[in-house]
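The structure file query14.tsv is reproduced below (TSV, C-alpha atoms and all ligand atoms).
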chain	number	residue	atom	x	y	z
A	1	MET	CA	-24.99	126.10	41.32
A	2	THR	CA	-22.11	126.82	43.70
A	3	LEU	CA	-18.78	127.78	42.18
A	4	PHE	CA	-15.71	125.90	43.46
A	5	GLU	CA	-13.66	128.15	45.67
A	6	LYS	CA	-9.94	127.52	45.17
A	7	LYS	CA	-8.10	127.67	48.48
A	8	ARG	CA	-4.43	128.03	49.42
A	9	ILE	CA	-3.78	125.13	51.73
A	10	LEU	CA	-0.69	124.39	53.79
A	11	ILE	CA	-0.10	120.75	54.76
A	12	THR	CA	2.66	120.27	57.33
A	13	GLY	CA	4.11	116.77	57.18
A	14	GLY	CA	2.84	116.66	53.58
A	15	ALA	CA	5.55	114.23	52.42
A	16	GLY	CA	4.57	111.65	55.03
A	17	PHE	CA	2.17	108.73	54.80
A	18	LEU	CA	-1.11	110.53	55.56
A	19	GLY	CA	0.10	113.93	54.35
A	20	SER	CA	0.89	112.69	50.84
A	21	HIS	CA	-2.60	111.23	50.43
A	22	LEU	CA	-4.09	114.48	51.68
A	23	CYS	CA	-1.98	116.56	49.23
A	24	GLU	CA	-3.18	114.32	46.42
A	25	LYS	CA	-6.85	114.69	47.36
A	26	LEU	CA	-6.72	118.48	47.79
A	27	ILE	CA	-4.84	118.93	44.51
A	28	LYS	CA	-7.47	116.79	42.75
A	29	GLN	CA	-10.12	119.17	44.06
A	30	GLY	CA	-8.24	122.03	42.34
A	31	ASN	CA	-6.73	123.73	45.39
A	32	ASP	CA	-3.29	125.33	45.68
A	33	VAL	CA	-1.31	123.11	48.00
A	34	ILE	CA	1.89	123.93	49.84
A	35	CYS	CA	3.45	120.71	51.08
A	36	LEU	CA	5.80	121.47	53.97
A	37	ASP	CA	8.18	118.84	55.32
A	38	ASN	CA	11.65	118.45	56.84
A	39	TYR	CA	11.82	114.80	55.58
A	40	TYR	CA	12.42	113.43	59.06
A	41	THR	CA	10.21	110.41	58.32
A	42	GLY	CA	8.63	111.53	55.06
A	43	SER	CA	10.04	111.17	51.58
A	44	LYS	CA	9.94	113.00	48.26
A	45	ASN	CA	8.98	109.66	46.70
A	46	ASN	CA	5.56	109.98	48.35
A	47	ILE	CA	4.78	113.21	46.49
A	48	TYR	CA	6.96	112.77	43.41
A	49	HIS	CA	3.88	112.27	41.21
A	50	LEU	CA	2.50	115.68	42.29
A	51	MET	CA	5.64	117.72	41.66
A	52	SER	CA	4.82	118.65	38.07
A	53	ASN	CA	1.36	119.92	39.03
A	54	GLU	CA	1.19	123.72	38.82
A	55	ASN	CA	-0.99	123.86	41.95
A	56	PHE	CA	1.58	121.98	44.03
A	57	GLU	CA	4.49	123.59	45.88
A	58	LEU	CA	7.12	121.93	48.02
A	59	LEU	CA	8.67	123.65	51.02
A	60	ARG	CA	11.54	122.19	53.06
A	61	HIS	CA	10.98	123.54	56.54
A	62	ASP	CA	10.95	122.42	60.18
A	63	ILE	CA	7.79	123.63	61.96
A	64	CYS	CA	9.80	124.15	65.14
A	65	PHE	CA	10.80	127.42	63.42
A	66	PRO	CA	8.38	130.22	62.50
A	67	LEU	CA	6.96	130.37	59.00
A	68	TYR	CA	5.44	133.21	57.00
A	69	VAL	CA	3.26	132.20	54.05
A	70	GLU	CA	-0.19	133.26	52.85
A	71	VAL	CA	-2.77	130.53	53.34
A	72	ASP	CA	-6.50	130.01	53.92
A	73	GLU	CA	-6.25	126.64	55.64
A	74	ILE	CA	-3.59	124.66	57.50
A	75	TYR	CA	-3.55	120.90	58.11
A	76	ASN	CA	-0.96	120.31	60.83
A	77	LEU	CA	0.28	116.75	60.36
A	78	ALA	CA	4.01	117.20	60.95
A	79	CYS	CA	5.13	114.77	63.64
A	80	PRO	CA	6.68	111.31	63.51
A	81	ALA	CA	3.85	108.84	64.18
A	82	SER	CA	5.35	105.41	64.73
A	83	PRO	CA	6.79	104.47	68.15
A	84	ILE	CA	10.25	103.68	66.67
A	85	HIS	CA	10.42	107.03	64.91
A	86	TYR	CA	9.03	109.23	67.68
A	87	GLN	CA	11.21	107.56	70.34
A	88	TYR	CA	14.40	107.95	68.26
A	89	ASP	CA	14.69	111.64	69.21
A	90	PRO	CA	12.03	112.17	71.90
A	91	VAL	CA	12.99	115.78	72.62
A	92	GLN	CA	12.52	116.70	68.96
A	93	THR	CA	9.14	114.86	69.01
A	94	THR	CA	7.86	117.01	71.86
A	95	LYS	CA	9.29	120.15	70.23
A	96	THR	CA	7.49	119.33	66.99
A	97	SER	CA	4.14	118.95	68.71
A	98	VAL	CA	4.52	121.88	71.10
A	99	ASN	CA	6.80	124.49	69.44
A	100	GLY	CA	5.55	123.40	66.02
A	101	SER	CA	1.92	123.89	67.03
A	102	ILE	CA	2.70	127.32	68.50
A	103	ASN	CA	4.30	128.35	65.20
A	104	MET	CA	1.47	127.01	63.07
A	105	LEU	CA	-1.18	128.51	65.37
A	106	GLY	CA	0.65	131.84	65.18
A	107	LEU	CA	0.60	131.62	61.40
A	108	ALA	CA	-3.13	130.77	61.42
A	109	LYS	CA	-3.79	133.73	63.71
A	110	ARG	CA	-1.92	136.19	61.46
A	111	GLN	CA	-3.72	134.88	58.38
A	112	ASN	CA	-7.09	134.28	60.05
A	113	ALA	CA	-6.79	130.78	58.58
A	114	LYS	CA	-8.63	127.65	59.69
A	115	ILE	CA	-6.29	125.12	61.28
A	116	PHE	CA	-6.68	121.35	61.61
A	117	GLN	CA	-4.67	119.32	64.12
A	118	ALA	CA	-3.87	115.66	63.49
A	119	SER	CA	-4.25	114.52	67.08
A	120	THR	CA	-4.26	110.90	68.09
A	121	SER	CA	-5.93	108.12	70.02
A	122	GLU	CA	-2.71	108.13	72.09
A	123	VAL	CA	-4.18	111.04	74.05
A	124	TYR	CA	-6.31	108.31	75.70
A	125	GLY	CA	-3.14	106.39	76.69
A	126	ASP	CA	-3.77	102.89	78.03
A	127	PRO	CA	-7.51	103.47	78.48
A	128	GLU	CA	-9.80	102.34	81.31
A	129	ILE	CA	-12.93	102.76	79.21
A	130	HIS	CA	-13.76	100.86	76.07
A	131	PRO	CA	-14.45	101.96	73.37
A	132	GLN	CA	-12.97	105.43	73.82
A	133	ASN	CA	-15.20	108.43	73.28
A	134	GLU	CA	-14.21	112.08	73.10
A	135	SER	CA	-15.26	112.94	76.65
A	136	TYR	CA	-12.74	110.46	78.14
A	137	TRP	CA	-9.68	112.30	79.53
A	138	GLY	CA	-7.31	109.38	79.12
A	139	ARG	CA	-4.71	107.52	81.16
A	140	VAL	CA	-1.28	108.58	80.00
A	141	ASN	CA	2.05	107.95	81.72
A	142	PRO	CA	3.75	111.39	81.76
A	143	ILE	CA	7.30	110.01	82.10
A	144	GLY	CA	7.39	106.88	79.93
A	145	ARG	CA	8.92	106.26	76.52
A	146	ARG	CA	5.67	107.01	74.71
A	147	SER	CA	5.15	110.24	76.66
A	148	CYS	CA	7.05	112.48	74.21
A	149	TYR	CA	4.40	111.66	71.64
A	150	ASP	CA	1.32	111.29	73.87
A	151	GLU	CA	1.96	114.32	76.08
A	152	GLY	CA	3.20	116.37	73.10
A	153	LYS	CA	-0.09	115.72	71.31
A	154	ARG	CA	-2.09	116.43	74.49
A	155	CYS	CA	-0.27	119.74	74.93
A	156	ALA	CA	-0.92	120.56	71.26
A	157	GLU	CA	-4.66	120.07	71.90
A	158	THR	CA	-4.39	122.44	74.87
A	159	LEU	CA	-2.65	125.06	72.71
A	160	PHE	CA	-5.28	124.73	69.99
A	161	PHE	CA	-8.08	125.24	72.51
A	162	ASP	CA	-6.33	128.22	74.13
A	163	TYR	CA	-5.89	129.88	70.74
A	164	TYR	CA	-9.59	129.22	70.12
A	165	ARG	CA	-10.65	130.68	73.49
A	166	GLN	CA	-8.12	133.50	73.61
A	167	HIS	CA	-7.88	134.51	69.95
A	168	LYS	CA	-11.14	133.14	68.47
A	169	LEU	CA	-9.14	131.02	66.03
A	170	LYS	CA	-11.02	128.50	63.88
A	171	ILE	CA	-9.61	125.17	65.04
A	172	LYS	CA	-10.45	121.55	64.20
A	173	ILE	CA	-9.05	118.68	66.24
A	174	ALA	CA	-9.35	115.12	64.99
A	175	ARG	CA	-8.18	112.21	67.16
A	176	ILE	CA	-6.89	109.73	64.62
A	177	PHE	CA	-6.80	106.02	65.48
A	178	ASN	CA	-4.39	103.53	63.89
A	179	THR	CA	-4.36	104.02	60.13
A	180	TYR	CA	-2.69	101.94	57.43
A	181	GLY	CA	-2.34	101.79	53.66
A	182	PRO	CA	0.02	102.39	50.75
A	183	ARG	CA	3.01	104.70	51.47
A	184	MET	CA	3.41	103.56	55.06
A	185	HIS	CA	7.12	103.73	55.81
A	186	PRO	CA	8.59	100.22	55.38
A	187	ASN	CA	10.84	100.65	58.44
A	188	ASP	CA	8.41	102.35	60.76
A	189	GLY	CA	8.02	99.21	62.88
A	190	ARG	CA	4.25	99.44	62.96
A	191	VAL	CA	2.29	96.26	63.17
A	192	ILE	CA	0.69	96.22	59.71
A	193	SER	CA	3.85	97.18	57.79
A	194	ASN	CA	6.02	94.82	59.87
A	195	PHE	CA	3.71	91.83	59.44
A	196	ILE	CA	3.23	92.40	55.70
A	197	ILE	CA	6.97	92.74	55.05
A	198	GLN	CA	7.79	89.73	57.24
A	199	SER	CA	5.09	87.65	55.49
A	200	LEU	CA	6.17	88.64	51.99
A	201	LYS	CA	9.74	87.64	52.84
A	202	ASN	CA	8.59	84.42	54.60
A	203	LYS	CA	10.37	85.62	57.74
A	204	ASP	CA	9.17	85.12	61.32
A	205	ILE	CA	6.19	87.28	62.30
A	206	THR	CA	7.07	89.12	65.51
A	207	ILE	CA	4.14	89.40	67.92
A	208	TYR	CA	4.97	91.55	70.94
A	209	GLY	CA	3.47	90.18	74.16
A	210	ASP	CA	0.83	87.45	73.88
A	211	GLY	CA	-0.89	89.03	70.88
A	212	LYS	CA	-4.17	89.43	72.76
A	213	GLN	CA	-3.89	93.22	72.81
A	214	THR	CA	-6.31	94.85	70.39
A	215	ARG	CA	-6.24	97.66	67.85
A	216	SER	CA	-8.73	98.99	65.29
A	217	PHE	CA	-7.32	99.81	61.86
A	218	CYS	CA	-8.66	102.40	59.45
A	219	PHE	CA	-7.75	102.36	55.75
A	220	VAL	CA	-6.11	105.62	54.64
A	221	ASP	CA	-8.77	106.57	52.02
A	222	ASP	CA	-11.51	106.49	54.67
A	223	LEU	CA	-9.40	108.62	56.96
A	224	ILE	CA	-8.66	111.30	54.35
A	225	THR	CA	-12.38	111.59	53.56
A	226	ALA	CA	-13.05	112.21	57.25
A	227	MET	CA	-10.26	114.80	57.55
A	228	LEU	CA	-11.80	116.90	54.77
A	229	LEU	CA	-15.26	116.62	56.32
A	230	VAL	CA	-13.90	117.77	59.68
A	231	MET	CA	-12.09	120.75	58.11
A	232	ASN	CA	-15.29	121.77	56.35
A	233	THR	CA	-17.54	121.81	59.42
A	234	GLU	CA	-19.04	125.15	60.46
A	235	ASP	CA	-16.57	127.72	61.83
A	236	ASP	CA	-17.42	127.30	65.51
A	237	PHE	CA	-17.01	123.51	65.48
A	238	THR	CA	-13.72	122.64	67.18
A	239	GLY	CA	-13.84	118.92	67.90
A	240	PRO	CA	-12.16	116.92	69.28
A	241	ILE	CA	-13.66	114.22	67.12
A	242	ASN	CA	-12.53	110.60	66.86
A	243	ILE	CA	-11.76	109.22	63.42
A	244	GLY	CA	-10.97	105.58	63.01
A	245	ASN	CA	-12.43	102.23	62.18
A	246	PRO	CA	-14.27	100.62	65.10
A	247	ASP	CA	-13.69	97.03	63.86
A	248	GLU	CA	-11.44	95.65	66.58
A	249	PHE	CA	-8.90	92.83	66.16
A	250	THR	CA	-6.31	91.19	68.36
A	251	ILE	CA	-2.75	91.45	67.07
A	252	GLN	CA	-2.81	87.65	66.78
A	253	GLU	CA	-5.80	87.85	64.42
A	254	ILE	CA	-3.98	90.46	62.32
A	255	ALA	CA	-0.93	88.19	62.04
A	256	LYS	CA	-3.03	85.22	60.89
A	257	LYS	CA	-5.00	87.29	58.38
A	258	ILE	CA	-1.83	88.72	56.80
A	259	ILE	CA	-0.19	85.26	56.58
A	260	GLU	CA	-3.34	83.98	54.84
A	261	LEU	CA	-3.61	86.91	52.38
A	262	THR	CA	0.06	86.68	51.37
A	263	ASN	CA	0.12	82.84	51.20
A	264	SER	CA	3.16	83.09	53.42
A	265	ARG	CA	5.23	80.31	55.00
A	266	SER	CA	6.09	82.62	57.93
A	267	LYS	CA	5.85	81.32	61.50
A	268	ILE	CA	4.65	83.42	64.43
A	269	ILE	CA	7.18	84.14	67.18
A	270	TYR	CA	6.61	86.04	70.42
A	271	LYS	CA	8.76	88.89	71.73
A	272	SER	CA	8.48	91.07	74.83
A	273	LEU	CA	5.81	93.75	74.93
A	274	PRO	CA	7.12	97.34	74.64
A	275	GLU	CA	6.73	99.65	77.66
A	276	ASP	CA	3.27	101.21	78.13
A	277	ASP	CA	1.84	99.34	75.12
A	278	PRO	CA	-1.95	99.91	75.36
A	279	GLN	CA	-3.92	96.68	75.94
A	280	GLN	CA	-6.96	97.63	73.92
A	281	ARG	CA	-8.01	100.40	71.61
A	282	LYS	CA	-11.18	101.00	69.66
A	283	PRO	CA	-12.77	104.30	68.73
A	284	ASP	CA	-16.32	105.22	69.59
A	285	ILE	CA	-17.25	107.03	66.37
A	286	SER	CA	-20.86	107.91	67.26
A	287	PHE	CA	-19.94	111.59	67.25
A	288	ALA	CA	-18.35	111.39	63.76
A	289	LYS	CA	-21.43	109.58	62.45
A	290	GLU	CA	-23.70	112.27	63.82
A	291	LYS	CA	-21.57	115.35	63.12
A	292	ILE	CA	-19.95	114.66	59.74
A	293	ASN	CA	-22.14	111.74	58.64
A	294	TRP	CA	-19.03	109.59	58.23
A	295	GLU	CA	-18.11	106.00	58.85
A	296	PRO	CA	-15.37	103.89	57.28
A	297	LYS	CA	-16.25	101.92	54.15
A	298	VAL	CA	-13.13	99.84	53.48
A	299	SER	CA	-13.02	96.43	55.21
A	300	LEU	CA	-9.81	95.17	56.79
A	301	VAL	CA	-9.36	92.50	54.10
A	302	ASN	CA	-9.78	94.94	51.20
A	303	GLY	CA	-7.50	97.50	52.84
A	304	LEU	CA	-4.87	94.86	53.57
A	305	LYS	CA	-4.95	93.64	49.96
A	306	LYS	CA	-4.21	97.17	48.69
A	307	THR	CA	-1.44	97.61	51.26
A	308	ILE	CA	0.11	94.22	50.44
A	309	ASN	CA	0.06	95.20	46.78
A	310	PHE	CA	1.97	98.40	47.60
A	311	PHE	CA	4.63	96.54	49.60
A	312	GLU	CA	4.98	93.87	46.90
A	313	LYS	CA	5.83	96.65	44.45
A	314	ILE	CA	8.35	98.47	46.63
A	315	LEU	CA	10.01	95.25	47.82
A	316	LYS	CA	9.83	93.77	44.29
A	317	VAL	CA	8.91	90.32	45.63
B	1	LIG	P1	4.61	110.16	58.97
B	1	LIG	O1	5.78	109.99	59.85
B	1	LIG	O2	4.56	109.36	57.71
B	1	LIG	O3	4.42	111.69	58.58
B	1	LIG	C1	4.83	112.75	59.38
B	1	LIG	C2	5.52	113.76	58.47
B	1	LIG	O4	5.90	114.89	59.24
B	1	LIG	C3	6.78	113.22	57.82
B	1	LIG	O5	6.77	113.52	56.44
B	1	LIG	C4	7.91	113.95	58.54
B	1	LIG	O6	9.07	114.10	57.76
B	1	LIG	C5	7.23	115.26	58.88
B	1	LIG	N1	7.82	115.96	60.04
B	1	LIG	C6	8.14	115.44	61.25
B	1	LIG	N2	8.62	116.41	62.05
B	1	LIG	C7	8.58	117.56	61.34
B	1	LIG	C8	8.94	118.90	61.62
B	1	LIG	N3	9.44	119.27	62.81
B	1	LIG	N4	8.77	119.83	60.65
B	1	LIG	C9	8.31	119.50	59.42
B	1	LIG	N5	7.94	118.23	59.11
B	1	LIG	C10	8.08	117.28	60.05
B	1	LIG	O7	3.31	109.89	59.86
B	1	LIG	P2	1.78	109.77	59.44
B	1	LIG	O8	1.35	108.40	59.77
B	1	LIG	O9	1.57	110.30	58.08
B	1	LIG	O10	1.14	110.76	60.50
B	1	LIG	C11	0.75	112.09	60.17
B	1	LIG	C12	0.13	112.75	61.38
B	1	LIG	O11	-1.03	112.02	61.79
B	1	LIG	C13	1.06	112.81	62.59
B	1	LIG	O12	0.89	114.05	63.23
B	1	LIG	C14	0.57	111.70	63.47
B	1	LIG	O13	0.80	111.96	64.83
B	1	LIG	C15	-0.93	111.67	63.15
B	1	LIG	N6	-1.50	110.34	63.39
B	1	LIG	C16	-1.21	109.28	62.58
B	1	LIG	C17	-1.73	108.03	62.86
B	1	LIG	C18	-1.46	106.82	61.99
B	1	LIG	O14	-1.92	105.72	62.32
B	1	LIG	N7	-0.75	106.94	60.89
B	1	LIG	C19	-2.56	107.85	63.99
B	1	LIG	C20	-2.81	108.96	64.80
B	1	LIG	C21	-2.30	110.19	64.49
B	2	LIG	N1	3.24	94.93	67.40
B	2	LIG	C1	3.61	93.60	67.29
B	2	LIG	N2	4.59	93.28	66.41
B	2	LIG	C2	5.20	94.18	65.61
B	2	LIG	C3	4.82	95.54	65.71
B	2	LIG	C4	3.84	95.89	66.62
B	2	LIG	O1	3.07	92.73	67.99
B	2	LIG	O2	6.09	93.78	64.82
B	2	LIG	C5	2.16	95.30	68.35
B	2	LIG	C6	2.51	96.44	69.29
B	2	LIG	O3	3.18	95.97	70.45
B	2	LIG	C7	1.13	96.99	69.59
B	2	LIG	C8	0.35	96.77	68.30
B	2	LIG	O4	1.07	95.77	67.59
B	2	LIG	O5	0.51	96.24	70.62
B	2	LIG	C9	0.25	98.02	67.43
B	2	LIG	O6	1.54	98.57	67.30
B	2	LIG	P1	1.85	99.82	66.38
B	2	LIG	O7	3.27	100.20	66.63
B	2	LIG	O8	1.45	99.52	64.99
B	2	LIG	O9	0.87	100.97	66.89
B	2	LIG	P2	0.51	101.57	68.34
B	2	LIG	O10	1.11	100.72	69.41
B	2	LIG	O11	1.06	102.94	68.31
B	2	LIG	O12	-0.97	101.51	68.36
Full structure transcribed into structure tokens:
Amino acid sequence: MTLFEKKRILITGGAGFLGSHLCEKLIKQGNDVICLDNYYTGSKNNIYHLMSNENFELLRHDICFPLYVEVDEIYNLACPASPIHYQYDPVQTTKTSVNGSINMLGLAKRQNAKIFQASTSEVYGDPEIHPQNESYWGRVNPIGRRSCYDEGKRCAETLFFDYYRQHKLKIKIARIFNTYGPRMHPNDGRVISNFIIQSLKNKDITIYGDGKQTRSFCFVDDLITAMLLVMNTEDDFTGPINIGNPDEFTIQEIAKKIIELTNSRSKIIYKSLPEDDPQQRKPDISFAKEKINWEPKVSLVNGLKKTINFFEKILKV
């Protein structure tokens, strides 16, 4: 029998969409969790239900500034993730990924703590290969509107690897593909939240471009399972490792599916495609299957039903 080892875990961006689910999971396992956030896009509502738990601690802090706490593990999730949010203050977005990573890596170094980086499929940019595997270096515009996020996350990966090579730090990099589920921000402008809210209100569904661009959507529960598996790999495993759901859909298909599941009277309208919007995106998860024995279990329809349920409650429709 192995005894459960209680860890002190810092989650930056813990009051956000993914962070709040991660806090919940790690608390359930009996760990001590410090949830750090500056509430830029996150909300106390997301972690309200955890606040009375004696193993849960809330810390208002911006990771662009140094932090001194005692921890065994760090999950670095702090960073706005939706295009609307990360483009609102692009300089702050880059600072969060770059200065924030330096601060969190410095903390990990002082504490000899393991550190996980929530990287992104955006490091592949608008890709020339399909599906994208971890050895692909990507095609990212360095000066476009998405660059603050894409290049910030790419630089964060560089910093993580340099701390690994230079200081022998235990790092884990996961490249997360589009994820959805309850607690997505209702105004984050992302496709799933937009379409669900528009459908529930019987308003026009806004497809950008011709709707033939593709994405692959992973339900949040599957993603959190993978994050924990990645963190618990052997010490010299660094990643990067793709996590996402390889089922690929056009944006048009997503719109139709959401209209059907919500019994909506919404009509589809077409708007111009945002700058540098990737044409297709689908993770190659062969490495995740082999390394952490993981693949997503929740189908798009089941995940959408749970997400629709969440939005019905918060919109009170
Ligand atoms: P989110 O916006 O809901 O969460 C990010 C959290 O970080 C928020 O609570 C925000 O307030 C906080 N934050 C932002 N800047 C901060 C700073 N300087 N200091 C402290 N806190 C700060 O986004 P999410 O969808 O939960 O994404 C979490 C992480 O996962 C992000 O790093 C994102 O880049 C990555 N990711 C998400 C997706 C996705 O589809 N959701 C895909 C790829 C990567
Ligand atoms: N999209 C859309 N209508 C919307 C919101 C998004 O057609 O109301 C498109 C967007 O142009 C992109 C895809 O849906 O092609 C996914 O957008 P999202 O912002 O969710 O994620 P990302 O582009 O970062 O993958």
Open item on the list: Env of region 17-27 of chain A: 10 Å cut, atoms = all atoms listed in the file, seq-sep filter 3 positions within chain, self excluded. Answer as a PyMOL selection string.
Closed with: chain A and resi 6-14+30-37+41-50+53-56+75-78+81+118+179-185+220-221+223-225+227-228
Selected residues, C-alpha atoms, written as an mmCIF file, in the coordinates of the input, please.
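Everything below was put into out18.cif:
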data_model
loop_
_atom_site.group_PDB
_atom_site.id
_atom_site.type_symbol
_atom_site.label_atom_id
_atom_site.label_comp_id
_atom_site.auth_asym_id
_atom_site.auth_seq_id
_atom_site.Cartn_x
_atom_site.Cartn_y
_atom_site.Cartn_z
ATOM 1 C CA LYS A 6 -9.940 127.520 45.170
ATOM 2 C CA LYS A 7 -8.100 127.670 48.480
ATOM 3 C CA ARG A 8 -4.430 128.030 49.420
ATOM 4 C CA ILE A 9 -3.780 125.130 51.730
ATOM 5 C CA LEU A 10 -0.690 124.390 53.790
ATOM 6 C CA ILE A 11 -0.100 120.750 54.760
ATOM 7 C CA THR A 12 2.660 120.270 57.330
ATOM 8 C CA GLY A 13 4.110 116.770 57.180
ATOM 9 C CA GLY A 14 2.840 116.660 53.580
ATOM 10 C CA GLY A 30 -8.240 122.030 42.340
ATOM 11 C CA ASN A 31 -6.730 123.730 45.390
ATOM 12 C CA ASP A 32 -3.290 125.330 45.680
ATOM 13 C CA VAL A 33 -1.310 123.110 48.000
ATOM 14 C CA ILE A 34 1.890 123.930 49.840
ATOM 15 C CA CYS A 35 3.450 120.710 51.080
ATOM 16 C CA LEU A 36 5.800 121.470 53.970
ATOM 17 C CA ASP A 37 8.180 118.840 55.320
ATOM 18 C CA THR A 41 10.210 110.410 58.320
ATOM 19 C CA GLY A 42 8.630 111.530 55.060
ATOM 20 C CA SER A 43 10.040 111.170 51.580
ATOM 21 C CA LYS A 44 9.940 113.000 48.260
ATOM 22 C CA ASN A 45 8.980 109.660 46.700
ATOM 23 C CA ASN A 46 5.560 109.980 48.350
ATOM 24 C CA ILE A 47 4.780 113.210 46.490
ATOM 25 C CA TYR A 48 6.960 112.770 43.410
ATOM 26 C CA HIS A 49 3.880 112.270 41.210
ATOM 27 C CA LEU A 50 2.500 115.680 42.290
ATOM 28 C CA ASN A 53 1.360 119.920 39.030
ATOM 29 C CA GLU A 54 1.190 123.720 38.820
ATOM 30 C CA ASN A 55 -0.990 123.860 41.950
ATOM 31 C CA PHE A 56 1.580 121.980 44.030
ATOM 32 C CA TYR A 75 -3.550 120.900 58.110
ATOM 33 C CA ASN A 76 -0.960 120.310 60.830
ATOM 34 C CA LEU A 77 0.280 116.750 60.360
ATOM 35 C CA ALA A 78 4.010 117.200 60.950
ATOM 36 C CA ALA A 81 3.850 108.840 64.180
ATOM 37 C CA ALA A 118 -3.870 115.660 63.490
ATOM 38 C CA THR A 179 -4.360 104.020 60.130
ATOM 39 C CA TYR A 180 -2.690 101.940 57.430
ATOM 40 C CA GLY A 181 -2.340 101.790 53.660
ATOM 41 C CA PRO A 182 0.020 102.390 50.750
ATOM 42 C CA ARG A 183 3.010 104.700 51.470
ATOM 43 C CA MET A 184 3.410 103.560 55.060
ATOM 44 C CA HIS A 185 7.120 103.730 55.810
ATOM 45 C CA VAL A 220 -6.110 105.620 54.640
ATOM 46 C CA ASP A 221 -8.770 106.570 52.020
ATOM 47 C CA LEU A 223 -9.400 108.620 56.960
ATOM 48 C CA ILE A 224 -8.660 111.300 54.350
ATOM 49 C CA THR A 225 -12.380 111.590 53.560
ATOM 50 C CA MET A 227 -10.260 114.800 57.550
ATOM 51 C CA LEU A 228 -11.800 116.900 54.770
#
Determine, using only C-alpha atoms, which residues of region 133-158 of chain A have any atom at most 10 Å from an atom of region 84-91 of chain A, and tabulate each with its shortest atom pair and distance in Å to one decimal place, rows ordered by chain and then rising number, as CSV.
residue,atom,partner,partner_atom,distance
A:Arg145,CA,A:Gln87,CA,6.7
A:Arg146,CA,A:Gln87,CA,7.1
A:Ser147,CA,A:Pro90,CA,8.6
A:Cys148,CA,A:Pro90,CA,5.5
A:Tyr149,CA,A:Tyr86,CA,6.6
A:Gly152,CA,A:Val91,CA,9.8
Task: 7 Å shell around ligand LIG 2 (chain B) using all atoms listed in the file, listed as a PyMOL selection string - done: chain A and resi 82-83+178+189-192+194-195+205-209+211+213-215+251+273-274+277-279
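For the set A:Tyr163, A:Phe219, A:Phe65, A:Phe177, the residue with the smallest atom-to-atom gap to Lys114 (chain A) is A:Tyr163, counting all atoms listed in the file.
Using all atoms listed in the file, the smallest distance between any of A:Val98, A:Ile254, A:Leu315, A:Val230 and ligand LIG 1 (chain B) comes from A:Val98.
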Open item on the list: Report, in Å to a single decimal, how far apart CA of Pro131 (chain A) and CA of Ser216 (chain A) are.
Closed with: 10.3 Å
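What separates CA of Ala288 (chain A) from CA of Ile241 (chain A) is a distance of 6.4 Å.
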Task: Residue contacts of Ile258 (chain A) (8 Å, only C-alpha atoms) excluding same-chain residues fewer than 6 positions away, as a ChimeraX atom specification - done: /A:195-196,199,304
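With distances restricted to all atoms listed in the file, A:Pro66 is the closest residue to Leu107 (chain A) from A:Gly303, A:Pro66, A:Gly239, A:Pro186.
Residue nearest Trp137 (chain A), chosen from A:Pro240, A:Tyr40, A:Ile176, A:Gln29 and counting only C-alpha atoms: A:Pro240.
Pairwise distance (atom O12 of ligand LIG 1 (chain B), CA of Leu105 (chain A)) equals 14.8 Å.
Using only C-alpha atoms and all ligand atoms, the nearest neighbour of ligand LIG 1 (chain B) within the list A:Phe237, A:Phe4, A:Tyr39, A:Phe217 is A:Tyr39.
When all atoms listed in the file are used to compute distances to ligand LIG 1 (chain B), the closest of the residues A:Lys203, A:His61, A:Lys28, A:Lys212 turns out to be A:His61.
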Provide an axis-aligned box for all listed atoms of region 134-147 of chain A, padding each side by 5 Å; report its centre and its edge lengths in Å to one decimal, as AutoDock Vina command-line options.
--center_x -3.2 --center_y 109.6 --center_z 77.6 --size_x 34.2 --size_y 16.7 --size_z 19.0
- [ ] Could you give me, as JSON, numbers by chain, the residues that have an atom at most 10 Å away from the point (-11.0, 100.5, 78.7) in the coordinates of the file, using all atoms listed in the file?
- [x] {"A": [124, 126, 127, 128, 129, 130, 131, 132, 138, 139, 278, 279, 280, 281, 282]}
Open item on the list: Applying 12 Å and only C-alpha atoms, which residues near Lys316 (chain A) remain after dropping the ones on its own chain fewer than 6 positions away? List them as a ChimeraX atom specification.
Closed with: /A:197,200-201,308-310
- [ ] Could you give me, as a ChimeraX atom specification, the residues that sit within 10 Å of (-13.8, 98.8, 57.9) in the file's coordinates, counting only C-alpha atoms?
- [x] /A:216-219,222,244-248,295-303
Keeping only C-alpha atoms, write those residues as a CSV table (one decimal), in the frame of the given file.
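Now in part_37.csv:
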chain,number,residue,atom,x,y,z
A,216,SER,CA,-8.7,99.0,65.3
A,217,PHE,CA,-7.3,99.8,61.9
A,218,CYS,CA,-8.7,102.4,59.4
A,219,PHE,CA,-7.8,102.4,55.8
A,222,ASP,CA,-11.5,106.5,54.7
A,244,GLY,CA,-11.0,105.6,63.0
A,245,ASN,CA,-12.4,102.2,62.2
A,246,PRO,CA,-14.3,100.6,65.1
A,247,ASP,CA,-13.7,97.0,63.9
A,248,GLU,CA,-11.4,95.6,66.6
A,295,GLU,CA,-18.1,106.0,58.8
A,296,PRO,CA,-15.4,103.9,57.3
A,297,LYS,CA,-16.2,101.9,54.2
A,298,VAL,CA,-13.1,99.8,53.5
A,299,SER,CA,-13.0,96.4,55.2
A,300,LEU,CA,-9.8,95.2,56.8
A,301,VAL,CA,-9.4,92.5,54.1
A,302,ASN,CA,-9.8,94.9,51.2
A,303,GLY,CA,-7.5,97.5,52.8
